Amino acid sequence: MADQTTDPNDIIGRVKRPLALTRAGLVAERAVRAFWPLWSVVFAAVAMLMLGLQDFVSATVVLIVAVLALGLAGWTLWRGLSRFTWPSREDALIRLDSTMPGHPITTSLDRQAIGAGDGASAAVWNAHQARMRARLAEAKAVEPDLRVSDADPYALRYAALLALAVALLFGSVMRVSSVAGIGPGGASDLATGPSWEGWVEPPAYTRLPTIYLNDITDPELSVPEGSAVTLRLYGEVGALSVSETVSGNPLAQEDGVDETARDFSVETDGRIAIDGPNGRAWDIAVTEDAAPEVDQVGRFDVKYDGEASLSYEASDDYEVTGGTATVTLALDDVDRRYGREIEPEQRDAIEVPLPLPVAGDRSDFEETLIDNFSQHPWANLPVNISFEVTDAAGQVGASEANVQTLPGRRFFEPMAAALIEERQALLWNRENADDIALIMRAISHEPDGLFRQSSHYLRFRTILRRLEASAKDGMSDEEVAETAAAMWDLAIVLEEGDLDDARERLQRAQERLTEAMRNGASEDEIAELMQELRRATDDYMRQLAQEQRRTAEENGESPSQDMQNGMQMTQNDLQEMMDRIEELMEEGRMAEAMQAMEELQRLMENMRVTEGQGQGQQSPGQQAMEGLGETLREQQELSDQAFEDLQEQFNPGQNRQGQQGQQGQQGQDGQQQGQGQQPGQQNQGRGEGQQQGQGQGQGQGEQQGQQGQGGGQSLEESLADRQRSLRGELNRQRQNMPGDGSEAGRRAGEALDRAEGAMEGAEDALREDDLAGAIDRQSEAMEALREGMRNLGEAMAEQQGQQPGEQGQQGMADGTDPGQHRDPLGRSAGSNGQIGSDEQMLQGEDVYRRARELLDEIRRRSGEGERPEEELEYLERLLERF
């Protein structure tokens, strides 16, 4: 009796299914490796027959290829049979067992060799086999390895498979039968009798596939116009005949004619019929090839240098293969005055090839024609523009003629514009040469101020002399071309210039932009000129900074940070002004843009005036403005200190940590500051002569020092004393205030009176420990100071013959005011009493969002009844103000 624990039938039964699948995989694996050359040869042969290659070569070639194919197929079959061996069950068992951990199949079939009589050894062996038999349930069929890349390094099997796939897509199984008719007597041996084949090949540009008529059983067939029909007849001559009415010129059918092939093209609707055994007929519907269409899109888009772009759209049922834009002079729309009174010389139309898409679909597209017609005689004159496109069939589509002004470069320098105008008159008709010479002589009669360089005038005179000499005997085509080219080159030099000096380039850019706005230039031209102005301004500011730095180094001084900050702020202000000008031009507000342009020119002129002045030289008006600005800043600091003290009352211990230790040092610094000030120094000594300068600074220092030591006056009394000193300084500054006798000077005095009164009220509030009231009065004082400085600036401008507000620009240009002081955020402290600047920390909607958040927070705090009464009153005053 067999041992049940090692019964082979029981073990094999457990892995019967995966073992059978593994064995089948071994069969497929060995068959592929043995017979892949055979089916590669078969695939290639079948592909050639289905594609009908035998119909394009002689019978001898077909016979040779057939013998080679049969021989190769026989050899590959013998090779496969000799290498193929049928896998046994043991082969599949070994393959399956080798893929499982521990080889459970062979382990389960093993017997215990030694220790069979030992109970302990037998128990261990039985447990081991039990675990291996349990693993048999996890057995899975092994996938076959069908890779034969080592045996086929050139992938010939894939090439044969690809040929078969192409044959299935574009060939026909019925073409295989045509090989039977090749060779002597072959056709007569056909069991089916006469046969035929036919193809319809659409034009190549349609990219449509060839139609194999033997596969078309539908009696109706639609083909593109111009398709080529090819018919081949096999078998007994005369058994089959062809009739057609689609070519427009059908061949006469006569008995006894040896007709084995017919070729014709489809031009009209009709019928094609193959009469005879196995014949067939089709009603042909011709799909006409529509003519292409083209149309202009919009009008010319012109850049500053005269480069013009015009969009067009074209379409065709298949594709557009080419096109041309034709430009002719619209003589009826030309202004026939001056040099165009006589008839123009005959000129050929301008023909420009249309650009087509480099890649993609050309049946429906939109493209842009880009060219520069600036030097053409018709530049800036009305012309007729039409587009014409063609398709692959040679059909033409044209757009309607459209009258537009042929774009050309615009010249804004007056002499350059005049020269271009006379050049165009010469190209209009050379008979204008005498008048042109007379006009050129007239405009250059007094050349001073007309030409920036003498070389330009010499070139102008050379052109004039050549023109006068040529006009006497009549100008030839070469002379006209040479003169026109010389006039164009000189106009370019006059317009753009060849100067290296940044100031000249800046002035020229300003003049050209002003002239462009005055003459109604296009948006692109103005944008280009605006960009040129920005570049020229940057170059000029860079050169100016280098000159100032070089001057300071020559005087043995180091360039100060104030100078650098002033130069930086001036450049920022210039950029803001140019941004404003560009914004006005984009909105179409040309009058305002030209006014802003004039202000920019005045600012640049002020910069050139103050450029040569010494750094330390200031006019009395500038000294007064600087003193008021210093007073305003100190008043702001005093107000900030009062606000901090107010917060300290509401939140003790948070704002004055460590202040007691700092006040003593502050007092010592105040003493040193007061003693170190020079007598009578403007805005720093704060006194009339030595006594006031030392006394006041020392007095402030002693007051702060005493407070730091913890003795004497209270905090409010110290702030009140500082407020009184500041009011006294303002009163001193008003003694020598410029602008007396003018309306602006009177308003400045009234504003400073209000400022002094507000300071006195703030001092009283500080002494009464009313910090909230003091802050309000200090705010009134600062507002009055700002108004007084603005009025003072207007008064100074009136005295100097300037426009209001220009004084602040001049100070900004020479770097004396905005560049010297910045707030903690690095922004300019402003001019004419304007604390801060236009340099916003937030842009766009964030400004309003932040303002809303602050207002909501003030309202929230004002609604909290537990807050101190003084704080609530202060919050209510804020709500009333904002």
# chains A, B, ... in the order shown; residues from 1 in each chain; ligands from 1
$ select_by_dssp --residues "range 74-267 of chain A" --states "strand (DSSP E)" --output "PyMOL selection string"
chain A and resi 195-201+211-212+220-224+228-234+241-244+261-265
$ write_last_selection --atoms "C-alpha atoms" --output "mmCIF file, in the first residue's frame"
data_model
loop_
_atom_site.group_PDB
_atom_site.id
_atom_site.type_symbol
_atom_site.label_atom_id
_atom_site.label_comp_id
_atom_site.auth_asym_id
_atom_site.auth_seq_id
_atom_site.Cartn_x
_atom_site.Cartn_y
_atom_site.Cartn_z
ATOM 1 C CA SER A 195 -11.141 38.954 -63.615
ATOM 2 C CA TRP A 196 -10.405 42.606 -63.107
ATOM 3 C CA GLU A 197 -8.976 45.091 -60.607
ATOM 4 C CA GLY A 198 -9.525 48.806 -60.184
ATOM 5 C CA TRP A 199 -8.317 51.698 -58.085
ATOM 6 C CA VAL A 200 -9.447 55.284 -57.555
ATOM 7 C CA GLU A 201 -6.629 57.543 -56.348
ATOM 8 C CA ILE A 211 -10.024 53.293 -53.004
ATOM 9 C CA TYR A 212 -9.799 49.641 -54.128
ATOM 10 C CA GLU A 220 -22.874 54.762 -55.581
ATOM 11 C CA LEU A 221 -19.468 56.233 -54.971
ATOM 12 C CA SER A 222 -18.356 59.797 -54.146
ATOM 13 C CA VAL A 223 -14.813 60.820 -55.120
ATOM 14 C CA PRO A 224 -12.936 64.157 -55.234
ATOM 15 C CA ALA A 228 -7.312 59.081 -61.162
ATOM 16 C CA VAL A 229 -9.037 55.795 -62.053
ATOM 17 C CA THR A 230 -6.924 52.754 -62.955
ATOM 18 C CA LEU A 231 -8.531 49.528 -64.264
ATOM 19 C CA ARG A 232 -6.743 46.259 -65.090
ATOM 20 C CA LEU A 233 -8.474 43.427 -66.960
ATOM 21 C CA TYR A 234 -7.271 39.822 -66.848
ATOM 22 C CA SER A 241 -15.014 45.781 -71.365
ATOM 23 C CA VAL A 242 -15.051 49.206 -69.682
ATOM 24 C CA SER A 243 -17.465 52.078 -70.217
ATOM 25 C CA GLU A 244 -17.362 55.434 -68.390
ATOM 26 C CA ALA A 261 -5.951 48.479 -69.047
ATOM 27 C CA ARG A 262 -7.861 51.749 -68.798
ATOM 28 C CA ASP A 263 -6.662 54.964 -67.090
ATOM 29 C CA PHE A 264 -8.673 58.184 -66.862
ATOM 30 C CA SER A 265 -9.540 60.966 -64.390
#
$ closest_residue --among "A:Gly745, A:Gln507, A:Gly588, A:Gly865" --to "Ile526 in chain A" --atoms "only C-alpha atoms"
A:Gly588
$ closest_residue --among "A:Val352, A:Met759, A:Ala285, A:Val124" --to "Gly728 in chain A" --atoms "only C-alpha atoms"
A:Met759
$ residues_around --residues "Thr287 in chain A" --least-positions-apart "5" --cutoff "12 Å" --atoms "only C-alpha atoms" --output "JSON, numbers by chain"
{"A": [202, 203, 206, 221, 222, 223, 224, 225, 226, 227, 266, 267, 268, 269, 317, 318]}
$ write_last_selection --atoms "N, CA, C and O atoms" --output "mmCIF file, in the first residue's frame"
data_model
loop_
_atom_site.group_PDB
_atom_site.id
_atom_site.type_symbol
_atom_site.label_atom_id
_atom_site.label_comp_id
_atom_site.auth_asym_id
_atom_site.auth_seq_id
_atom_site.Cartn_x
_atom_site.Cartn_y
_atom_site.Cartn_z
ATOM 1 N N PRO A 202 -7.421 59.560 -55.171
ATOM 2 C CA PRO A 202 -7.712 60.995 -55.090
ATOM 3 C C PRO A 202 -6.433 61.815 -55.252
ATOM 4 O O PRO A 202 -5.321 61.310 -55.064
ATOM 5 N N PRO A 203 -6.547 63.095 -55.606
ATOM 6 C CA PRO A 203 -5.356 63.949 -55.702
ATOM 7 C C PRO A 203 -4.560 63.932 -54.396
ATOM 8 O O PRO A 203 -5.126 63.823 -53.303
ATOM 9 N N THR A 206 -5.353 66.136 -51.280
ATOM 10 C CA THR A 206 -6.509 65.858 -50.434
ATOM 11 C C THR A 206 -6.157 64.963 -49.257
ATOM 12 O O THR A 206 -6.898 64.908 -48.276
ATOM 13 N N LEU A 221 -20.798 55.939 -55.500
ATOM 14 C CA LEU A 221 -19.468 56.233 -54.971
ATOM 15 C C LEU A 221 -19.185 57.720 -55.166
ATOM 16 O O LEU A 221 -19.409 58.268 -56.255
ATOM 17 N N SER A 222 -18.701 58.379 -54.095
ATOM 18 C CA SER A 222 -18.356 59.797 -54.146
ATOM 19 C C SER A 222 -16.839 59.922 -54.083
ATOM 20 O O SER A 222 -16.194 59.389 -53.164
ATOM 21 N N VAL A 223 -16.266 60.652 -55.058
ATOM 22 C CA VAL A 223 -14.813 60.820 -55.120
ATOM 23 C C VAL A 223 -14.502 62.286 -55.389
ATOM 24 O O VAL A 223 -15.314 63.016 -55.956
ATOM 25 N N PRO A 224 -13.315 62.767 -54.960
ATOM 26 C CA PRO A 224 -12.936 64.157 -55.234
ATOM 27 C C PRO A 224 -12.707 64.394 -56.718
ATOM 28 O O PRO A 224 -12.349 63.491 -57.482
ATOM 29 N N GLU A 225 -12.913 65.621 -57.119
ATOM 30 C CA GLU A 225 -12.668 66.003 -58.497
ATOM 31 C C GLU A 225 -11.187 65.854 -58.830
ATOM 32 O O GLU A 225 -10.318 66.219 -58.047
ATOM 33 N N GLY A 226 -10.923 65.278 -60.026
ATOM 34 C CA GLY A 226 -9.548 65.066 -60.447
ATOM 35 C C GLY A 226 -8.959 63.739 -60.003
ATOM 36 O O GLY A 226 -7.761 63.499 -60.208
ATOM 37 N N SER A 227 -9.745 62.859 -59.398
ATOM 38 C CA SER A 227 -9.233 61.548 -58.973
ATOM 39 C C SER A 227 -8.860 60.718 -60.197
ATOM 40 O O SER A 227 -9.536 60.765 -61.244
ATOM 41 N N VAL A 266 -11.475 61.553 -63.099
ATOM 42 C CA VAL A 266 -12.878 61.878 -62.844
ATOM 43 C C VAL A 266 -13.028 63.391 -62.867
ATOM 44 O O VAL A 266 -12.419 64.099 -62.048
ATOM 45 N N GLU A 267 -13.819 63.898 -63.807
ATOM 46 C CA GLU A 267 -14.032 65.330 -63.937
ATOM 47 C C GLU A 267 -15.479 65.733 -63.676
ATOM 48 O O GLU A 267 -15.733 66.826 -63.180
ATOM 49 N N THR A 268 -16.423 64.864 -64.020
ATOM 50 C CA THR A 268 -17.845 65.185 -63.851
ATOM 51 C C THR A 268 -18.557 63.981 -63.257
ATOM 52 O O THR A 268 -18.014 62.862 -63.203
ATOM 53 N N ASP A 269 -19.778 64.206 -62.840
ATOM 54 C CA ASP A 269 -20.623 63.099 -62.384
ATOM 55 C C ASP A 269 -20.891 62.171 -63.559
ATOM 56 O O ASP A 269 -21.022 62.615 -64.711
ATOM 57 N N ASP A 317 -11.176 74.119 -48.694
ATOM 58 C CA ASP A 317 -11.675 72.816 -48.282
ATOM 59 C C ASP A 317 -10.551 71.814 -48.030
ATOM 60 O O ASP A 317 -10.744 70.841 -47.300
ATOM 61 N N TYR A 318 -9.378 72.065 -48.615
ATOM 62 C CA TYR A 318 -8.236 71.184 -48.347
ATOM 63 C C TYR A 318 -7.068 71.968 -47.754
ATOM 64 O O TYR A 318 -6.761 71.836 -46.580
#
$ closest_residue --among "A:Ala624, A:Ala516, A:Leu77, A:Leu329" --to "Ala417 in chain A" --atoms "only C-alpha atoms"
A:Ala516
$ residues_around --residues "Phe43 in chain A" --least-positions-apart "3" --cutoff "8 Å" --atoms "only C-alpha atoms" --output "ChimeraX atom specification"
/A:39-40,46-47,160-161,163-164
$ write_last_selection --atoms "N, CA and C atoms" --output "PDB file, in the first residue's frame"
ATOM      1  N   TRP A  39       6.968  32.066 -39.471  1.00  0.00           N
ATOM      2  CA  TRP A  39       5.817  32.954 -39.675  1.00  0.00           C
ATOM      3  C   TRP A  39       6.236  34.369 -40.075  1.00  0.00           C
ATOM      4  N   SER A  40       7.483  34.741 -39.826  1.00  0.00           N
ATOM      5  CA  SER A  40       7.965  36.028 -40.339  1.00  0.00           C
ATOM      6  C   SER A  40       8.011  36.001 -41.858  1.00  0.00           C
ATOM      7  N   VAL A  46       2.645  37.230 -47.527  1.00  0.00           N
ATOM      8  CA  VAL A  46       1.221  37.573 -47.606  1.00  0.00           C
ATOM      9  C   VAL A  46       1.033  39.083 -47.740  1.00  0.00           C
ATOM     10  N   ALA A  47       1.854  39.851 -47.037  1.00  0.00           N
ATOM     11  CA  ALA A  47       1.751  41.309 -47.122  1.00  0.00           C
ATOM     12  C   ALA A  47       2.040  41.794 -48.534  1.00  0.00           C
ATOM     13  N   ALA A 160       8.122  42.146 -40.318  1.00  0.00           N
ATOM     14  CA  ALA A 160       7.146  41.355 -41.056  1.00  0.00           C
ATOM     15  C   ALA A 160       5.733  41.586 -40.527  1.00  0.00           C
ATOM     16  N   LEU A 161       5.599  41.710 -39.200  1.00  0.00           N
ATOM     17  CA  LEU A 161       4.288  41.960 -38.622  1.00  0.00           C
ATOM     18  C   LEU A 161       3.765  43.335 -39.021  1.00  0.00           C
ATOM     19  N   ALA A 163       4.490  44.922 -41.822  1.00  0.00           N
ATOM     20  CA  ALA A 163       4.086  44.835 -43.228  1.00  0.00           C
ATOM     21  C   ALA A 163       2.706  44.203 -43.364  1.00  0.00           C
ATOM     22  N   LEU A 164       2.438  43.192 -42.565  1.00  0.00           N
ATOM     23  CA  LEU A 164       1.130  42.557 -42.613  1.00  0.00           C
ATOM     24  C   LEU A 164       0.038  43.516 -42.135  1.00  0.00           C
TER      25      LEU A 164
END
$ residues_around --residues "Met475 in chain A" --least-positions-apart "3" --cutoff "12 Å" --atoms "only C-alpha atoms" --output "PyMOL selection string"
chain A and resi 426-427+429-434+466-472+478-484
$ write_last_selection --atoms "N, CA and C atoms" --output "compact mmCIF listing (two decimals), in the first residue's frame"
# COMPACT_ATOMS: atom_id res chain seq x y z
N LEU A 426 10.16 113.94 -54.78
CA LEU A 426 11.09 113.55 -55.83
C LEU A 426 10.72 112.19 -56.40
N LEU A 427 10.36 111.25 -55.52
CA LEU A 427 9.98 109.92 -55.99
C LEU A 427 8.61 109.92 -56.66
N ASN A 429 7.53 112.29 -58.76
CA ASN A 429 7.87 112.60 -60.14
C ASN A 429 9.16 113.42 -60.12
N ARG A 430 10.13 112.96 -60.89
CA ARG A 430 11.43 113.63 -60.89
C ARG A 430 11.37 115.05 -61.46
N GLU A 431 10.27 115.41 -62.09
CA GLU A 431 10.14 116.77 -62.57
C GLU A 431 10.00 117.79 -61.43
N ASN A 432 9.78 117.30 -60.24
CA ASN A 432 9.71 118.17 -59.06
C ASN A 432 11.10 118.58 -58.56
N ALA A 433 12.16 118.14 -59.23
CA ALA A 433 13.50 118.34 -58.71
C ALA A 433 13.83 119.82 -58.53
N ASP A 434 13.46 120.66 -59.47
CA ASP A 434 13.77 122.09 -59.36
C ASP A 434 13.06 122.71 -58.15
N ARG A 466 24.02 118.28 -55.50
CA ARG A 466 23.84 117.18 -56.45
C ARG A 466 22.46 117.23 -57.09
N LEU A 467 21.46 117.58 -56.30
CA LEU A 467 20.10 117.66 -56.84
C LEU A 467 20.01 118.76 -57.89
N GLU A 468 20.59 119.92 -57.61
CA GLU A 468 20.55 121.02 -58.57
C GLU A 468 21.32 120.70 -59.84
N ALA A 469 22.46 120.01 -59.68
CA ALA A 469 23.25 119.66 -60.87
C ALA A 469 22.53 118.63 -61.72
N SER A 470 21.88 117.67 -61.10
CA SER A 470 21.20 116.61 -61.86
C SER A 470 19.93 117.12 -62.51
N ALA A 471 19.28 118.10 -61.87
CA ALA A 471 17.99 118.57 -62.40
C ALA A 471 18.15 119.34 -63.70
N LYS A 472 19.33 119.86 -63.99
CA LYS A 472 19.52 120.67 -65.19
C LYS A 472 19.32 119.84 -66.46
N GLU A 478 19.08 106.09 -61.83
CA GLU A 478 20.13 105.89 -60.84
C GLU A 478 20.31 107.12 -59.98
N GLU A 479 20.25 108.31 -60.58
CA GLU A 479 20.42 109.54 -59.81
C GLU A 479 19.24 109.75 -58.85
N VAL A 480 18.05 109.42 -59.30
CA VAL A 480 16.90 109.55 -58.41
C VAL A 480 17.05 108.61 -57.22
N ALA A 481 17.46 107.38 -57.49
CA ALA A 481 17.61 106.40 -56.41
C ALA A 481 18.71 106.83 -55.43
N GLU A 482 19.86 107.31 -55.95
CA GLU A 482 20.95 107.73 -55.08
C GLU A 482 20.55 108.94 -54.24
N THR A 483 19.89 109.91 -54.84
CA THR A 483 19.48 111.10 -54.10
C THR A 483 18.45 110.75 -53.03
N ALA A 484 17.49 109.89 -53.38
CA ALA A 484 16.48 109.49 -52.39
C ALA A 484 17.11 108.74 -51.23
$ atom_distance --atom1 "CA of Glu598 in chain A" --atom2 "CA of Glu523 in chain A"
19.8 Å
$ atom_distance --atom1 "CA of Ala31 in chain A" --atom2 "CA of Arg14 in chain A"
27.8 Å
$ residues_around --residues "Thr245 in chain A" --least-positions-apart "3" --cutoff "10 Å" --atoms "only C-alpha atoms" --output "PDB file with N, CA and C atoms, in the first residue's frame"
ATOM      1  N   GLY A 248     -15.281  62.980 -69.258  1.00  0.00           N
ATOM      2  CA  GLY A 248     -15.610  64.030 -70.200  1.00  0.00           C
ATOM      3  C   GLY A 248     -15.117  63.745 -71.595  1.00  0.00           C
ATOM      4  N   ASN A 249     -14.322  62.688 -71.780  1.00  0.00           N
ATOM      5  CA  ASN A 249     -13.798  62.319 -73.098  1.00  0.00           C
ATOM      6  C   ASN A 249     -13.684  60.803 -73.165  1.00  0.00           C
ATOM      7  N   PRO A 250     -14.817  60.085 -73.143  1.00  0.00           N
ATOM      8  CA  PRO A 250     -14.771  58.618 -73.130  1.00  0.00           C
ATOM      9  C   PRO A 250     -14.222  58.070 -74.432  1.00  0.00           C
ATOM     10  N   LEU A 251     -13.441  56.977 -74.314  1.00  0.00           N
ATOM     11  CA  LEU A 251     -12.875  56.329 -75.493  1.00  0.00           C
ATOM     12  C   LEU A 251     -13.949  55.497 -76.197  1.00  0.00           C
ATOM     13  N   VAL A 266     -11.475  61.553 -63.099  1.00  0.00           N
ATOM     14  CA  VAL A 266     -12.878  61.878 -62.844  1.00  0.00           C
ATOM     15  C   VAL A 266     -13.028  63.391 -62.867  1.00  0.00           C
ATOM     16  N   GLU A 267     -13.819  63.898 -63.807  1.00  0.00           N
ATOM     17  CA  GLU A 267     -14.032  65.330 -63.937  1.00  0.00           C
ATOM     18  C   GLU A 267     -15.479  65.733 -63.676  1.00  0.00           C
ATOM     19  N   THR A 268     -16.423  64.864 -64.020  1.00  0.00           N
ATOM     20  CA  THR A 268     -17.845  65.185 -63.851  1.00  0.00           C
ATOM     21  C   THR A 268     -18.557  63.981 -63.257  1.00  0.00           C
ATOM     22  N   ASP A 269     -19.778  64.206 -62.840  1.00  0.00           N
ATOM     23  CA  ASP A 269     -20.623  63.099 -62.384  1.00  0.00           C
ATOM     24  C   ASP A 269     -20.891  62.171 -63.559  1.00  0.00           C
ATOM     25  N   GLY A 270     -21.002  60.887 -63.290  1.00  0.00           N
ATOM     26  CA  GLY A 270     -21.256  59.925 -64.374  1.00  0.00           C
ATOM     27  C   GLY A 270     -21.294  58.506 -63.852  1.00  0.00           C
ATOM     28  N   ARG A 271     -20.911  57.598 -64.762  1.00  0.00           N
ATOM     29  CA  ARG A 271     -21.004  56.175 -64.439  1.00  0.00           C
ATOM     30  C   ARG A 271     -19.768  55.465 -64.941  1.00  0.00           C
ATOM     31  N   ILE A 272     -19.265  54.525 -64.158  1.00  0.00           N
ATOM     32  CA  ILE A 272     -18.167  53.639 -64.545  1.00  0.00           C
ATOM     33  C   ILE A 272     -18.699  52.211 -64.476  1.00  0.00           C
ATOM     34  N   ALA A 273     -18.525  51.468 -65.554  1.00  0.00           N
ATOM     35  CA  ALA A 273     -19.064  50.099 -65.608  1.00  0.00           C
ATOM     36  C   ALA A 273     -18.029  49.161 -66.200  1.00  0.00           C
ATOM     37  N   ASP A 283     -22.210  54.441 -59.854  1.00  0.00           N
ATOM     38  CA  ASP A 283     -22.611  55.804 -60.168  1.00  0.00           C
ATOM     39  C   ASP A 283     -21.700  56.747 -59.378  1.00  0.00           C
ATOM     40  N   ILE A 284     -20.943  57.552 -60.098  1.00  0.00           N
ATOM     41  CA  ILE A 284     -19.913  58.398 -59.486  1.00  0.00           C
ATOM     42  C   ILE A 284     -20.476  59.805 -59.253  1.00  0.00           C
TER      43      ILE A 284
END
$ residues_around --residues "range 80-93 of chain A" --least-positions-apart "6" --cutoff "7 Å" --atoms "only C-alpha atoms" --output "list in words"
Leu19, Thr22, Arg23, Leu26, Val27, Arg30, Ala31, Ala34 and Phe35 of chain A
